[in-house]
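Enquirer: To be precise about what I am sending: the file is called input-v1.cif and holds mmCIF, C-alpha atoms.
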```cif
data_work
#
loop_
_atom_site.label_atom_id
_atom_site.label_comp_id
_atom_site.auth_asym_id
_atom_site.auth_seq_id
_atom_site.Cartn_x
_atom_site.Cartn_y
_atom_site.Cartn_z
CA MET K 16 -61.98 -1.49 57.38
CA ASP K 17 -60.40 -4.39 55.61
CA ALA K 18 -63.02 -7.03 55.19
CA THR K 19 -62.39 -9.53 52.46
CA ASN K 20 -65.30 -11.03 50.65
CA ASN K 21 -64.12 -14.60 50.40
CA GLY K 22 -66.70 -16.84 48.80
CA GLY K 23 -69.48 -14.79 50.32
CA THR K 24 -67.96 -14.82 53.82
CA LYS K 25 -66.60 -11.56 55.15
CA ARG K 26 -63.16 -12.00 56.70
CA VAL K 27 -62.44 -9.47 59.42
CA ARG K 28 -58.79 -8.67 60.01
CA THR K 29 -57.53 -8.93 63.57
CA ILE K 30 -55.53 -6.42 65.57
CA ILE K 31 -53.10 -8.29 67.78
CA VAL K 32 -52.00 -6.40 70.87
CA ALA K 33 -48.74 -7.45 72.50
CA GLY K 34 -48.69 -6.40 76.15
CA GLN K 35 -51.54 -5.22 78.30
CA SER K 36 -50.93 -1.47 77.88
CA SER K 37 -52.06 1.38 80.09
CA GLU K 38 -55.73 1.81 80.94
CA ARG K 39 -56.10 4.73 78.53
CA THR K 40 -54.55 2.76 75.69
CA ARG K 41 -56.69 -0.26 76.53
CA GLN K 42 -59.80 1.88 76.31
CA VAL K 43 -58.83 3.12 72.87
CA LEU K 44 -57.95 -0.35 71.63
CA ARG K 45 -61.20 -1.76 73.01
CA ALA K 46 -63.07 0.95 71.13
CA LEU K 47 -61.58 -0.39 67.91
CA ARG K 48 -63.59 -3.55 68.53
CA GLY K 49 -66.49 -1.59 67.12
CA PHE K 50 -65.27 -2.32 63.63
CA THR K 51 -62.73 -5.12 63.83
CA ASN K 52 -61.39 -7.91 66.04
CA VAL K 53 -58.91 -6.94 68.75
CA ILE K 54 -57.14 -9.68 70.68
CA TRP K 55 -54.71 -9.60 73.61
CA PRO K 56 -52.63 -12.78 73.51
CA THR K 57 -51.45 -13.78 76.98
CA SER K 58 -47.74 -13.81 76.14
CA LEU K 59 -45.34 -12.30 73.65
CA GLU K 60 -44.70 -15.75 72.18
CA SER K 61 -48.40 -16.19 71.65
CA ALA K 62 -48.62 -12.74 70.07
CA LEU K 63 -45.83 -13.67 67.66
CA ALA K 64 -47.60 -16.91 66.81
CA GLN K 65 -50.83 -14.99 66.12
CA THR K 66 -49.07 -12.79 63.57
CA SER K 67 -48.83 -15.84 61.31
CA SER K 68 -52.60 -16.21 61.23
CA LYS K 69 -54.24 -15.45 57.88
CA ASP K 70 -56.55 -13.04 59.67
CA ALA K 71 -53.73 -11.01 61.23
CA GLY K 72 -54.31 -7.40 60.22
CA CYS K 73 -51.72 -5.62 62.31
CA LEU K 74 -49.69 -5.89 65.48
CA VAL K 75 -49.80 -3.22 68.15
CA ILE K 76 -46.94 -3.27 70.63
CA ALA K 77 -48.40 -1.68 73.71
CA ASP K 78 -46.71 0.70 76.07
CA ASP K 79 -46.14 -1.65 78.98
CA LEU K 80 -43.31 -3.61 77.38
CA ARG K 81 -40.68 -1.35 78.86
CA GLU K 82 -39.15 -4.22 80.80
CA GLU K 83 -39.07 -6.33 77.67
CA PRO K 84 -36.58 -5.98 74.83
CA VAL K 85 -39.03 -4.17 72.56
CA ASP K 86 -36.62 -3.80 69.66
CA GLU K 87 -35.80 -7.50 69.71
CA PHE K 88 -39.47 -8.43 69.82
CA LEU K 89 -40.22 -6.00 67.03
CA GLN K 90 -37.40 -7.33 64.88
CA GLU K 91 -38.56 -10.88 65.45
CA ALA K 92 -42.12 -10.00 64.47
CA ARG K 93 -40.85 -8.19 61.38
CA GLU K 94 -38.75 -11.17 60.34
CA LEU K 95 -41.75 -13.46 60.73
CA GLN K 96 -44.16 -11.20 58.87
CA ARG K 97 -42.43 -8.92 56.41
CA ASN K 98 -45.55 -7.02 55.35
CA LEU K 99 -47.54 -6.92 58.57
CA PRO K 100 -48.20 -3.36 59.77
CA ILE K 101 -46.66 -2.99 63.23
CA PHE K 102 -47.45 -0.06 65.53
CA VAL K 103 -45.53 0.79 68.64
CA ILE K 104 -47.10 2.84 71.42
CA THR K 105 -44.47 4.83 73.32
CA ASP K 106 -44.04 7.43 76.01
CA PRO K 107 -44.72 10.94 74.78
CA ASP K 108 -41.67 12.78 73.48
CA ASP K 109 -39.42 9.72 73.65
CA VAL K 110 -37.98 10.43 70.24
CA ALA K 111 -35.02 8.07 70.71
CA GLU K 112 -37.34 5.14 71.40
CA ALA K 113 -39.51 6.05 68.43
CA VAL K 114 -36.49 6.21 66.13
CA SER K 115 -35.21 2.90 67.43
CA ALA K 116 -38.62 1.31 66.87
CA MET K 117 -38.71 2.60 63.30
CA ARG K 118 -35.21 1.26 62.67
CA HIS K 119 -36.30 -2.15 63.89
CA GLY K 120 -39.27 -2.38 61.57
CA ALA K 121 -42.19 -0.45 63.06
CA THR K 122 -44.66 0.93 60.53
CA ALA K 123 -45.41 3.89 62.79
CA VAL K 124 -45.08 5.00 66.39
CA ILE K 125 -47.98 6.40 68.35
CA GLU K 126 -47.58 8.43 71.54
CA ILE K 127 -49.38 7.79 74.82
CA PRO K 128 -52.17 8.57 75.23
CA PRO K 129 -53.18 7.52 71.75
CA SER K 130 -56.26 9.29 70.50
CA TYR K 131 -58.96 7.03 69.15
CA ALA K 132 -59.07 9.01 65.90
CA ALA K 133 -55.30 8.84 65.36
CA LEU K 134 -55.03 5.15 66.11
CA CYS K 135 -58.11 4.35 64.08
CA GLU K 136 -56.75 6.28 61.10
CA GLU K 137 -53.30 4.66 61.26
CA VAL K 138 -54.66 1.15 61.68
CA THR K 139 -57.27 1.53 58.98
CA ARG K 140 -54.76 2.93 56.50
CA ALA K 141 -52.23 0.22 57.24
CA MET K 142 -54.73 -2.62 56.99
CA GLN K 143 -56.16 -1.47 53.67
CA MET Z 5 -10.67 2.25 39.36
CA LYS Z 6 -9.88 4.06 42.59
CA ASP Z 7 -12.90 4.76 44.80
CA MET Z 8 -13.77 8.37 45.56
CA PRO Z 9 -13.18 9.25 49.23
CA GLN Z 10 -16.25 9.34 51.43
CA THR Z 11 -17.51 12.74 52.50
CA VAL Z 12 -19.83 13.72 55.30
CA PHE Z 13 -22.02 16.56 54.09
CA VAL Z 14 -23.29 18.81 56.86
CA VAL Z 15 -26.29 21.01 56.05
CA ASP Z 16 -27.23 23.40 58.85
CA ASP Z 17 -28.09 27.09 58.81
CA ASP Z 18 -26.33 27.67 62.14
CA ASP Z 19 -22.68 28.76 61.63
CA ALA Z 20 -21.62 27.56 65.06
CA VAL Z 21 -23.11 24.09 64.54
CA ARG Z 22 -21.57 23.76 61.07
CA ASN Z 23 -18.13 24.73 62.30
CA SER Z 24 -18.20 22.54 65.38
CA LEU Z 25 -19.37 19.55 63.35
CA ARG Z 26 -16.67 20.14 60.76
CA MET Z 27 -14.04 20.26 63.51
CA LEU Z 28 -15.45 17.19 65.20
CA LEU Z 29 -15.49 15.17 61.99
CA LYS Z 30 -12.03 16.38 61.04
CA SER Z 31 -10.71 15.32 64.46
CA ALA Z 32 -12.09 11.85 63.76
CA GLY Z 33 -10.32 11.75 60.40
CA VAL Z 34 -13.51 12.13 58.40
CA HIS Z 35 -13.65 14.49 55.43
CA ALA Z 36 -16.55 16.92 55.76
CA GLU Z 37 -18.13 19.55 53.56
CA VAL Z 38 -20.58 22.04 55.00
CA CYS Z 39 -23.51 23.93 53.48
CA ALA Z 40 -25.64 26.66 55.02
CA SER Z 41 -28.84 25.75 53.24
CA ALA Z 42 -30.67 22.94 51.47
CA GLN Z 43 -30.54 24.87 48.20
CA GLU Z 44 -26.76 25.24 48.42
CA PHE Z 45 -26.35 21.50 48.98
CA LEU Z 46 -28.78 20.47 46.25
CA SER Z 47 -27.13 22.74 43.67
CA THR Z 48 -23.76 21.01 44.08
CA TYR Z 49 -24.55 17.45 45.22
CA GLU Z 50 -23.79 14.58 42.87
CA ALA Z 51 -25.27 11.18 43.66
CA SER Z 52 -22.05 9.48 42.57
CA HIS Z 53 -20.24 11.05 45.52
CA PRO Z 54 -20.03 8.49 48.35
CA GLY Z 55 -20.69 9.50 51.93
CA CYS Z 56 -23.54 10.50 54.18
CA LEU Z 57 -25.51 13.56 55.09
CA VAL Z 58 -25.98 15.25 58.46
CA LEU Z 59 -29.06 17.39 58.00
CA ASP Z 60 -30.73 19.93 60.25
CA VAL Z 61 -34.51 19.61 60.31
CA ARG Z 62 -35.43 23.26 60.77
CA MET Z 63 -33.86 25.67 58.34
CA PRO Z 64 -35.17 28.82 56.70
CA GLY Z 65 -36.32 28.22 53.13
CA MET Z 66 -36.33 24.53 52.40
CA SER Z 67 -36.52 22.44 55.59
CA GLY Z 68 -34.54 19.27 56.15
CA LEU Z 69 -37.62 17.11 55.63
CA GLU Z 70 -38.40 18.91 52.35
CA MET Z 71 -34.82 18.40 51.24
CA GLN Z 72 -35.09 14.68 52.05
CA HIS Z 73 -38.22 14.56 49.88
CA GLU Z 74 -36.32 16.27 47.04
CA LEU Z 75 -33.43 13.82 47.38
CA ASN Z 76 -35.89 10.92 47.26
CA LEU Z 77 -37.43 12.34 44.08
CA ARG Z 78 -33.95 12.43 42.56
CA GLY Z 79 -33.41 8.80 43.54
CA ALA Z 80 -30.52 9.66 45.86
CA THR Z 81 -29.52 6.88 48.23
CA ILE Z 82 -27.20 8.84 50.50
CA PRO Z 83 -27.87 7.91 54.16
CA VAL Z 84 -29.38 10.88 55.99
CA ILE Z 85 -28.87 11.57 59.70
CA PHE Z 86 -31.28 14.22 60.88
CA ILE Z 87 -30.31 16.48 63.76
CA THR Z 88 -32.75 18.75 65.53
CA GLY Z 89 -33.20 20.72 68.69
CA HIS Z 90 -36.98 20.56 68.51
CA GLY Z 91 -37.79 17.02 67.50
CA ASP Z 92 -41.00 15.26 68.26
CA ILE Z 93 -42.27 11.77 67.57
CA PRO Z 94 -44.40 12.55 64.49
CA MET Z 95 -41.45 14.38 62.91
CA ALA Z 96 -39.04 11.52 63.67
CA VAL Z 97 -41.51 8.94 62.38
CA GLU Z 98 -42.04 10.89 59.17
CA ALA Z 99 -38.30 11.18 58.59
CA MET Z 100 -37.74 7.47 59.22
CA GLN Z 101 -40.72 6.45 57.08
CA HIS Z 102 -39.14 8.39 54.22
CA GLY Z 103 -35.89 6.51 54.58
CA ALA Z 104 -33.79 8.51 57.06
CA PHE Z 105 -30.85 6.55 58.39
CA ASP Z 106 -31.17 8.12 61.84
CA PHE Z 107 -32.69 10.98 63.77
CA LEU Z 108 -30.74 12.61 66.57
CA GLN Z 109 -31.87 15.23 69.03
CA LYS Z 110 -29.62 18.10 70.09
CA PRO Z 111 -27.77 18.27 72.34
CA PHE Z 112 -26.00 15.01 71.58
CA ARG Z 113 -22.64 13.66 72.67
CA ASP Z 114 -19.86 13.94 70.09
CA GLN Z 115 -19.28 10.21 70.19
CA GLU Z 116 -22.96 9.55 69.61
CA LEU Z 117 -22.85 11.47 66.34
CA LEU Z 118 -19.53 9.98 65.28
CA ASP Z 119 -20.84 6.44 65.86
CA ARG Z 120 -23.87 7.12 63.71
CA VAL Z 121 -21.81 8.78 61.01
CA GLN Z 122 -19.52 5.72 60.90
CA ARG Z 123 -22.51 3.42 60.59
CA ALA Z 124 -24.02 5.57 57.85
CA LEU Z 125 -20.73 5.61 55.93
CA ALA Z 126 -20.47 1.83 56.28
CA ARG Z 127 -23.99 1.41 54.91
CA ASP Z 128 -23.28 3.70 51.97
CA SER Z 129 -20.12 1.78 51.24
CA GLU Z 130 -21.94 -1.58 51.34
CA TYR Z 131 -24.70 -0.26 49.12
CA ARG Z 132 -22.25 1.04 46.53
CA ALA Z 133 -20.29 -2.22 46.56
CA ARG Z 134 -23.53 -4.13 45.96
CA LEU Z 135 -24.40 -1.77 43.14
CA ARG Z 136 -20.99 -2.25 41.50
CA HIS Z 137 -21.41 -6.01 41.79
CA THR Z 138 -24.84 -6.01 40.11
CA ASP Z 139 -23.56 -3.66 37.39
CA GLN Z 140 -20.75 -6.13 36.66
CA ILE Z 141 -23.24 -9.00 36.44
CA ARG Z 142 -25.43 -7.02 34.03
CA GLU Z 143 -22.40 -6.23 31.87
CA ARG Z 144 -21.53 -9.91 31.73
CA LEU Z 145 -25.13 -10.82 30.91
CA ALA Z 146 -25.08 -8.32 28.06
CA SER Z 147 -22.05 -10.10 26.59
CA LEU Z 148 -23.98 -13.39 26.16
CA SER Z 149 -25.38 -14.40 22.79
CA PRO Z 150 -29.17 -14.93 22.61
CA ARG Z 151 -28.66 -18.72 22.63
CA GLU Z 152 -26.30 -18.54 25.60
CA ARG Z 153 -28.87 -16.46 27.44
CA GLU Z 154 -31.52 -19.10 26.77
CA VAL Z 155 -29.22 -21.81 28.11
CA LEU Z 156 -28.45 -19.68 31.16
CA ASP Z 157 -32.14 -19.14 31.92
CA LEU Z 158 -32.91 -22.84 31.65
CA VAL Z 159 -29.95 -24.15 33.66
CA THR Z 160 -30.59 -21.64 36.45
CA GLN Z 161 -34.16 -22.98 36.58
CA GLY Z 162 -32.56 -26.27 37.59
CA LYS Z 163 -32.86 -28.07 34.27
CA ALA Z 164 -30.26 -30.66 33.31
CA ASN Z 165 -28.39 -30.37 29.99
CA LYS Z 166 -30.54 -33.11 28.48
CA MET Z 167 -33.75 -31.23 29.31
CA VAL Z 168 -32.30 -27.96 28.04
CA ALA Z 169 -31.37 -29.69 24.79
CA GLY Z 170 -34.93 -30.98 24.46
CA ASP Z 171 -36.44 -27.55 25.19
CA LEU Z 172 -34.21 -25.79 22.66
CA GLY Z 173 -34.24 -28.54 20.03
CA VAL Z 174 -30.47 -28.89 19.92
CA SER Z 175 -28.04 -31.64 20.84
CA GLN Z 176 -26.81 -32.16 24.38
CA ARG Z 177 -23.25 -31.54 23.18
CA THR Z 178 -24.30 -28.11 21.85
CA VAL Z 179 -25.85 -27.26 25.21
CA GLU Z 180 -22.63 -28.28 26.98
CA ILE Z 181 -20.62 -25.94 24.76
CA HIS Z 182 -23.01 -23.02 25.30
CA ARG Z 183 -23.05 -23.74 29.02
CA ALA Z 184 -19.24 -23.65 29.18
CA HIS Z 185 -19.27 -20.29 27.38
CA VAL Z 186 -21.87 -18.98 29.81
CA MET Z 187 -19.79 -20.02 32.82
CA GLN Z 188 -16.71 -18.41 31.32
CA LYS Z 189 -18.38 -15.13 30.31
CA MET Z 190 -20.23 -14.85 33.60
CA GLU Z 191 -17.02 -15.69 35.51
CA ALA Z 192 -18.98 -18.21 37.57
CA GLY Z 193 -17.17 -21.04 39.31
CA SER Z 194 -20.26 -23.16 39.84
CA LEU Z 195 -23.95 -23.42 39.01
CA ALA Z 196 -24.77 -22.23 42.54
CA GLU Z 197 -22.73 -19.07 41.95
CA LEU Z 198 -24.51 -18.51 38.66
CA VAL Z 199 -27.89 -18.83 40.38
CA ARG Z 200 -26.79 -16.32 43.06
CA MET Z 201 -25.77 -13.89 40.31
CA MET Z 202 -29.14 -14.17 38.62
CA MET Z 203 -30.92 -13.66 41.93
CA ALA Z 204 -28.83 -10.54 42.57
CA VAL Z 205 -30.08 -8.91 39.37
CA ALA Z 206 -33.61 -10.29 39.44
CA PRO Z 207 -36.22 -7.51 39.26
#
```
Can I see the file as structure tokens?

Expert:
Amino acid sequence: MDATNNGGTKRVRTIIVAGQSSERTRQVLRALRGFTNVIWPTSLESALAQTSSKDAGCLVIADDLREEPVDEFLQEARELQRNLPIFVITDPDDVAEAVSAMRHGATAVIEIPPSYAALCEEVTRAMQ
Amino acid sequence: MKDMPQTVFVVDDDDAVRNSLRMLLKSAGVHAEVCASAQEFLSTYEASHPGCLVLDVRMPGMSGLEMQHELNLRGATIPVIFITGHGDIPMAVEAMQHGAFDFLQKPFRDQELLDRVQRALARDSEYRARLRHTDQIRERLASLSPREREVLDLVTQGKANKMVAGDLGVSQRTVEIHRAHVMQKMEAGSLAELVRMMMAVAP
């Protein structure tokens, strides 16, 4: 995992989760706490603000944002942080949504239910 | 120079799909060329030909994704719209990560495809216009003398003529003359325009 040795202090990168996500996804994201910080900001605005933090490692847009304009949120996050890895968790087989997310700046799209191994691999690779 | 007409290249191993797409595109006034395989397309495609590509994912021999990889290796910038009857999220994500313009699942509505084709053609057209513009700027830059180029670099860094003169060890009047030549050769109407030109060709 990305841990920067900065003057002797290890800096742990943070996974910011926008949305509360399904229980299964929450479990997987919580499991990632074993090797890095995972935070759930209370609002989308707060999540966007967190992406500007120097510790921001990646943004995960969880699967319960269906009522929200996901593409708009994604685009806004991408404009704020050009190089931040952004993952979108979507319904299985919703290819159109996945394509739309990719067009709006997602780094990758992960289907529900995300497997711990798959998410861990994607996040680790992106944050390196 | 007259621009070449845009062409929509359709690569699909299914005769019926190729023919229906050709008819559809023709009915929308779009020139289309069809190929039955990736190899057939790659053997004739020239990157200078403007247009876009409608590409089937699953084909015998080289698949659509493999063909996209080959096009990327060749530095081709043609917008690619993938079509597939058996798409899944990992496949769509892979295609998009490698620069696909769009990814469409069959069956799709005619208008849906036509809209995407129009957007892809518009993007190709914009890209080629940008490329022509930067080529023109590079040609103009190449026409500058070494001293004019030095003056250009310094004035676009925001330095006044007096400072440029000091840096180059010449008189202010000499700088003014070089600067006028630069503006003329670069066909720039203002310093701001000159700066924009340099930003357009910056590495």

Enquirer: Rounded to one decimal in Å, what is the spacing between atom CA of Z:Ala32 and atom CA of Z:Val14?

Expert: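 So the answer is 14.9 Å.
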
Enquirer: Name the residues that the PyMOL selection byres ((chain Z) within 10 of (chain K)) pulls out of this structure, and write them as a ChimeraX atom specification.

Expert: /Z:91-101,103-109

Enquirer: Tell me which protein, DNA and RNA residues are within 9 Å of K:Leu89, counting all atoms listed in the file, leaving out same-chain ones fewer than 4 positions away, and put them as a PyMOL selection string.

Expert: chain K and resi 76+84-85+93-94+101+103+116+119-121

Enquirer: So the first atom is atom CA of K:Leu134 and the second is atom CA of Z:His73; what is the distance between them in Å, to one decimal place?

Expert: 25.2 Å

Enquirer: Got a sec to resolve the PyMOL selection byres ((chain Z and resi 140) around 12) on this structure and send the residues as an mmCIF file with C-alpha atoms, in the frame of the given file?

Expert:
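This went into expr30.cif:
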```
data_model
loop_
_atom_site.group_PDB
_atom_site.id
_atom_site.type_symbol
_atom_site.label_atom_id
_atom_site.label_comp_id
_atom_site.auth_asym_id
_atom_site.auth_seq_id
_atom_site.Cartn_x
_atom_site.Cartn_y
_atom_site.Cartn_z
ATOM 1 C CA ALA Z 133 -20.290 -2.220 46.560
ATOM 2 C CA ARG Z 134 -23.530 -4.130 45.960
ATOM 3 C CA LEU Z 135 -24.400 -1.770 43.140
ATOM 4 C CA ARG Z 136 -20.990 -2.250 41.500
ATOM 5 C CA HIS Z 137 -21.410 -6.010 41.790
ATOM 6 C CA THR Z 138 -24.840 -6.010 40.110
ATOM 7 C CA ASP Z 139 -23.560 -3.660 37.390
ATOM 8 C CA ILE Z 141 -23.240 -9.000 36.440
ATOM 9 C CA ARG Z 142 -25.430 -7.020 34.030
ATOM 10 C CA GLU Z 143 -22.400 -6.230 31.870
ATOM 11 C CA ARG Z 144 -21.530 -9.910 31.730
ATOM 12 C CA LEU Z 145 -25.130 -10.820 30.910
ATOM 13 C CA ALA Z 146 -25.080 -8.320 28.060
ATOM 14 C CA SER Z 147 -22.050 -10.100 26.590
ATOM 15 C CA LYS Z 189 -18.380 -15.130 30.310
ATOM 16 C CA MET Z 190 -20.230 -14.850 33.600
ATOM 17 C CA GLU Z 191 -17.020 -15.690 35.510
ATOM 18 C CA MET Z 201 -25.770 -13.890 40.310
ATOM 19 C CA MET Z 202 -29.140 -14.170 38.620
ATOM 20 C CA ALA Z 204 -28.830 -10.540 42.570
ATOM 21 C CA VAL Z 205 -30.080 -8.910 39.370
#
```

Enquirer: Can you list, as a list of chain:residue names, the residues that the PyMOL selection byres ((chain Z and resi 36) around 8) selects here?

Expert: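 Taken over the shown coordinates, the PyMOL selection byres ((chain Z and resi 36) around 8) returns Z:Thr11, Z:Val12, Z:Phe13, Z:Val14, Z:Arg26, Z:Leu29, Z:Lys30, Z:Val34, Z:His35, Z:Glu37, Z:Val38.
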
Enquirer: What does the file look like for those residues with C-alpha atoms, as a PDB file, in the coordinates of the input?

Expert:
```pdb
ATOM      1  CA  THR Z  11     -17.510  12.740  52.500  1.00  0.00           C
ATOM      2  CA  VAL Z  12     -19.830  13.720  55.300  1.00  0.00           C
ATOM      3  CA  PHE Z  13     -22.020  16.560  54.090  1.00  0.00           C
ATOM      4  CA  VAL Z  14     -23.290  18.810  56.860  1.00  0.00           C
ATOM      5  CA  ARG Z  26     -16.670  20.140  60.760  1.00  0.00           C
ATOM      6  CA  LEU Z  29     -15.490  15.170  61.990  1.00  0.00           C
ATOM      7  CA  LYS Z  30     -12.030  16.380  61.040  1.00  0.00           C
ATOM      8  CA  VAL Z  34     -13.510  12.130  58.400  1.00  0.00           C
ATOM      9  CA  HIS Z  35     -13.650  14.490  55.430  1.00  0.00           C
ATOM     10  CA  GLU Z  37     -18.130  19.550  53.560  1.00  0.00           C
ATOM     11  CA  VAL Z  38     -20.580  22.040  55.000  1.00  0.00           C
TER      12      VAL Z  38
END
```

Enquirer: Which residues of stretch 89-144 of chain Z sit at most 9 Å from stretch 50-71 of chain Z, using all atoms listed in the file? Give each one's shortest atom pair and distance in Å (one decimal place), in chain and ascending residue order, as a Markdown table.

Expert:
```
| residue | atom | partner | partner_atom | distance |
| --- | --- | --- | --- | --- |
| Z:Gly89 | CA | Z:Val61 | CA | 8.6 |
| Z:His90 | CA | Z:Arg62 | CA | 8.3 |
| Z:Gly91 | CA | Z:Val61 | CA | 8.3 |
| Z:Met95 | CA | Z:Leu69 | CA | 8.7 |
| Z:Glu98 | CA | Z:Leu69 | CA | 8.4 |
| Z:Ala99 | CA | Z:Leu69 | CA | 6.7 |
| Z:His102 | CA | Z:Leu69 | CA | 9.0 |
| Z:Val121 | CA | Z:Cys56 | CA | 7.3 |
| Z:Ala124 | CA | Z:Cys56 | CA | 6.2 |
| Z:Leu125 | CA | Z:Gly55 | CA | 5.6 |
| Z:Ala126 | CA | Z:Gly55 | CA | 8.8 |
| Z:Asp128 | CA | Z:Gly55 | CA | 6.4 |
| Z:Ser129 | CA | Z:Pro54 | CA | 7.3 |
| Z:Arg132 | CA | Z:Pro54 | CA | 8.0 |
```

Enquirer: Emit as JSON the padded axis-aligned box for all listed atoms of stretch 190-201 of chain Z, 3 Å per side, with centre and edge lengths in Å to one decimal.

Expert:
```
{"center_x": -22.5, "center_y": -18.7, "center_z": 38.3, "size_x": 16.9, "size_y": 15.5, "size_z": 15.5}
```

Enquirer: Which one of Z:Thr160, Z:Glu154, Z:Glu74, Z:Leu28 sits closest to Z:Leu46 if you count only C-alpha atoms?

Expert: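 Ranked by minimum distance to Z:Leu46, first place goes to Z:Glu74.
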
Enquirer: Report as a ChimeraX atom specification all protein, DNA and RNA residues lying within 9 Å of K:Ser61, evaluated on all atoms listed in the file, omitting residues in the same chain fewer than 5 positions from it.

Expert: /K:33,56,66

Enquirer: Put those residues in a file: C-alpha atoms, as a short mmCIF file (atom, residue, chain, number, x, y, z; two decimals), keeping the file's coordinate frame.

Expert:
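Here's the written file selection_17.cif:
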```cif
data_model
loop_
_atom_site.label_atom_id
_atom_site.label_comp_id
_atom_site.auth_asym_id
_atom_site.auth_seq_id
_atom_site.Cartn_x
_atom_site.Cartn_y
_atom_site.Cartn_z
CA ALA K 33 -48.74 -7.45 72.50
CA PRO K 56 -52.63 -12.78 73.51
CA THR K 66 -49.07 -12.79 63.57
#
```

Enquirer: So, counting all atoms listed in the file, which residue among K:Ala92, K:Ser37, K:Arg28, K:Ser67 is closest to K:Ala141?

Expert: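 For K:Ala141, the nearest of the given residues is K:Arg28.
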
Enquirer: Using all atoms listed in the file, find all polymer residues with an atom at most 8 Å away from the point (-50.7, -5.1, 66.8); report them as a ChimeraX atom specification.

Expert: /K:30-33,72-76,100-102

Enquirer: Hey, can you check how far atom CA of Z:Met187 sits from atom CA of Z:Leu158?

Expert: 13.5 Å

Enquirer: Nearest residue to Z:Leu118 out of Z:Leu172, Z:Leu77, Z:Ala42, Z:Met27, using all atoms listed in the file?

Expert: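 Of all the options, Z:Met27 lies closest to Z:Leu118.
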
Enquirer: Find, counting all atoms listed in the file, the residue in K:Thr57, K:Asp78, K:Ala71, K:Leu63 that gets nearest to K:Gln90.

Expert: K:Leu63

Enquirer: Counting all atoms listed in the file, which of K:Ile104, K:Leu95, K:Val138, K:Ala62 gets nearest to K:Thr40?

Expert: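 Once distances to K:Thr40 are computed over all atoms listed in the file, the minimum belongs to K:Ile104.
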
Enquirer: Generate N, CA and C atoms for stretch 124-136 of chain Z and emit them as a PDB file, in the frame of the given file.

Expert:
```
ATOM      1  N   ALA Z 124     -23.422   5.098  59.111  1.00  0.00           N
ATOM      2  CA  ALA Z 124     -24.020   5.570  57.850  1.00  0.00           C
ATOM      3  C   ALA Z 124     -23.018   5.428  56.704  1.00  0.00           C
ATOM      4  N   LEU Z 125     -21.763   5.749  56.973  1.00  0.00           N
ATOM      5  CA  LEU Z 125     -20.730   5.610  55.930  1.00  0.00           C
ATOM      6  C   LEU Z 125     -20.561   4.142  55.544  1.00  0.00           C
ATOM      7  N   ALA Z 126     -20.611   3.271  56.549  1.00  0.00           N
ATOM      8  CA  ALA Z 126     -20.470   1.830  56.280  1.00  0.00           C
ATOM      9  C   ALA Z 126     -21.630   1.355  55.408  1.00  0.00           C
ATOM     10  N   ARG Z 127     -22.835   1.848  55.698  1.00  0.00           N
ATOM     11  CA  ARG Z 127     -23.990   1.410  54.910  1.00  0.00           C
ATOM     12  C   ARG Z 127     -23.883   1.902  53.474  1.00  0.00           C
ATOM     13  N   ASP Z 128     -23.430   3.152  53.319  1.00  0.00           N
ATOM     14  CA  ASP Z 128     -23.280   3.700  51.970  1.00  0.00           C
ATOM     15  C   ASP Z 128     -22.248   2.884  51.184  1.00  0.00           C
ATOM     16  N   SER Z 129     -21.179   2.542  51.882  1.00  0.00           N
ATOM     17  CA  SER Z 129     -20.120   1.780  51.240  1.00  0.00           C
ATOM     18  C   SER Z 129     -20.626   0.398  50.802  1.00  0.00           C
ATOM     19  N   GLU Z 130     -21.375  -0.254  51.679  1.00  0.00           N
ATOM     20  CA  GLU Z 130     -21.940  -1.580  51.340  1.00  0.00           C
ATOM     21  C   GLU Z 130     -22.895  -1.474  50.159  1.00  0.00           C
ATOM     22  N   TYR Z 131     -23.723  -0.432  50.193  1.00  0.00           N
ATOM     23  CA  TYR Z 131     -24.700  -0.260  49.120  1.00  0.00           C
ATOM     24  C   TYR Z 131     -23.993  -0.067  47.776  1.00  0.00           C
ATOM     25  N   ARG Z 132     -22.962   0.765  47.784  1.00  0.00           N
ATOM     26  CA  ARG Z 132     -22.250   1.040  46.530  1.00  0.00           C
ATOM     27  C   ARG Z 132     -21.502  -0.191  46.023  1.00  0.00           C
ATOM     28  N   ALA Z 133     -20.981  -0.980  46.961  1.00  0.00           N
ATOM     29  CA  ALA Z 133     -20.290  -2.220  46.560  1.00  0.00           C
ATOM     30  C   ALA Z 133     -21.289  -3.183  45.909  1.00  0.00           C
ATOM     31  N   ARG Z 134     -22.499  -3.249  46.503  1.00  0.00           N
ATOM     32  CA  ARG Z 134     -23.530  -4.130  45.960  1.00  0.00           C
ATOM     33  C   ARG Z 134     -23.931  -3.672  44.558  1.00  0.00           C
ATOM     34  N   LEU Z 135     -24.023  -2.354  44.427  1.00  0.00           N
ATOM     35  CA  LEU Z 135     -24.400  -1.770  43.140  1.00  0.00           C
ATOM     36  C   LEU Z 135     -23.349  -2.077  42.066  1.00  0.00           C
ATOM     37  N   ARG Z 136     -22.079  -1.947  42.450  1.00  0.00           N
ATOM     38  CA  ARG Z 136     -20.990  -2.250  41.500  1.00  0.00           C
ATOM     39  C   ARG Z 136     -21.063  -3.708  41.068  1.00  0.00           C
TER      40      ARG Z 136
END
```
